[in-house]
Amino acid sequence: MISDPHISSAFDRDLEGVQALVMKMGGLVEHALLRAATALETRDEALAAEVRAGDRDIDALEDQIHTECARIIALRAPTATDLRTVLTVMRIVGSLERSGDYAKNLAKRSLVLNQMRPVNGSAGSISRMARSVVGLLKDALDAFVTRDARLAEDVRRRDAEVDQMYNSVFREFLTHMMEDPRNITPCMHLHFIAKNIERVGDHATGIAEQVLYLVNGRMPDEERPKGDLTSLTDTPTTTL
């Protein structure tokens, strides 16, 4: 723990600046996910292109935060809880960067899907799933800023709800493919999109677990509840 009050005050200011950057990065990721889902639903190619281009800003923020964290460690030499805070920040931004990549991939696949006939209702299902995941991500980041272990635990619990939504859209895609072989290719792309969104939910849960580590000094003992059952089905389409 940093004991000198002047050093401690400087560390607190540094940390506040880093946390502000983390929240800015989180906001960009949330915005990208929602805009990518909207581009898919409305078949808006210009919006999809904007999401892809915006990923550069997310990557730049990750680099900036990592650089600042390295500076803090070198200059302030934090220990104990202070060091745990800096390490938690670095892990969180890694999850945010991957989530931004998933948003970019969603936008890329939406451009491909625009060249195919739409699959009735599927884009709407994807958008609802994306909104739920963005809610998880927002709450996980709020839990980080406020050090709210209860909210972090709630995020872990709600990840199972996202998995249930993923199971539902997976079955929906299977139904469309069985009804009309022309739906197979677009549904394959939609499945990859749904899986990417489900993975963002996992990253949000990972952020929540980092909050619990930050608050309690240890990771949760019990495994997070999971509801993704698609790997249990014996249909060959699970390899999409």
# chains A, B, ... in the order shown; residues from 1 in each chain; ligands from 1
call {"tool": "residues_around", "arguments": {"residues": "segment 24-32 of chain A", "least_positions_apart": "2", "cutoff": "10 Å", "atoms": "only C-alpha atoms", "output": "ChimeraX atom specification"}}
result
/A:18-22,34-38,47-48,50-52,54-55,57-62,65,92-93,95-104,106-107,130-131,133-138,140-141
call {"tool": "closest_residue", "arguments": {"among": "A:Ala143, A:Val86, A:Met129, A:Leu174", "to": "Thr205 of chain A", "atoms": "only C-alpha atoms"}}
result
A:Ala143
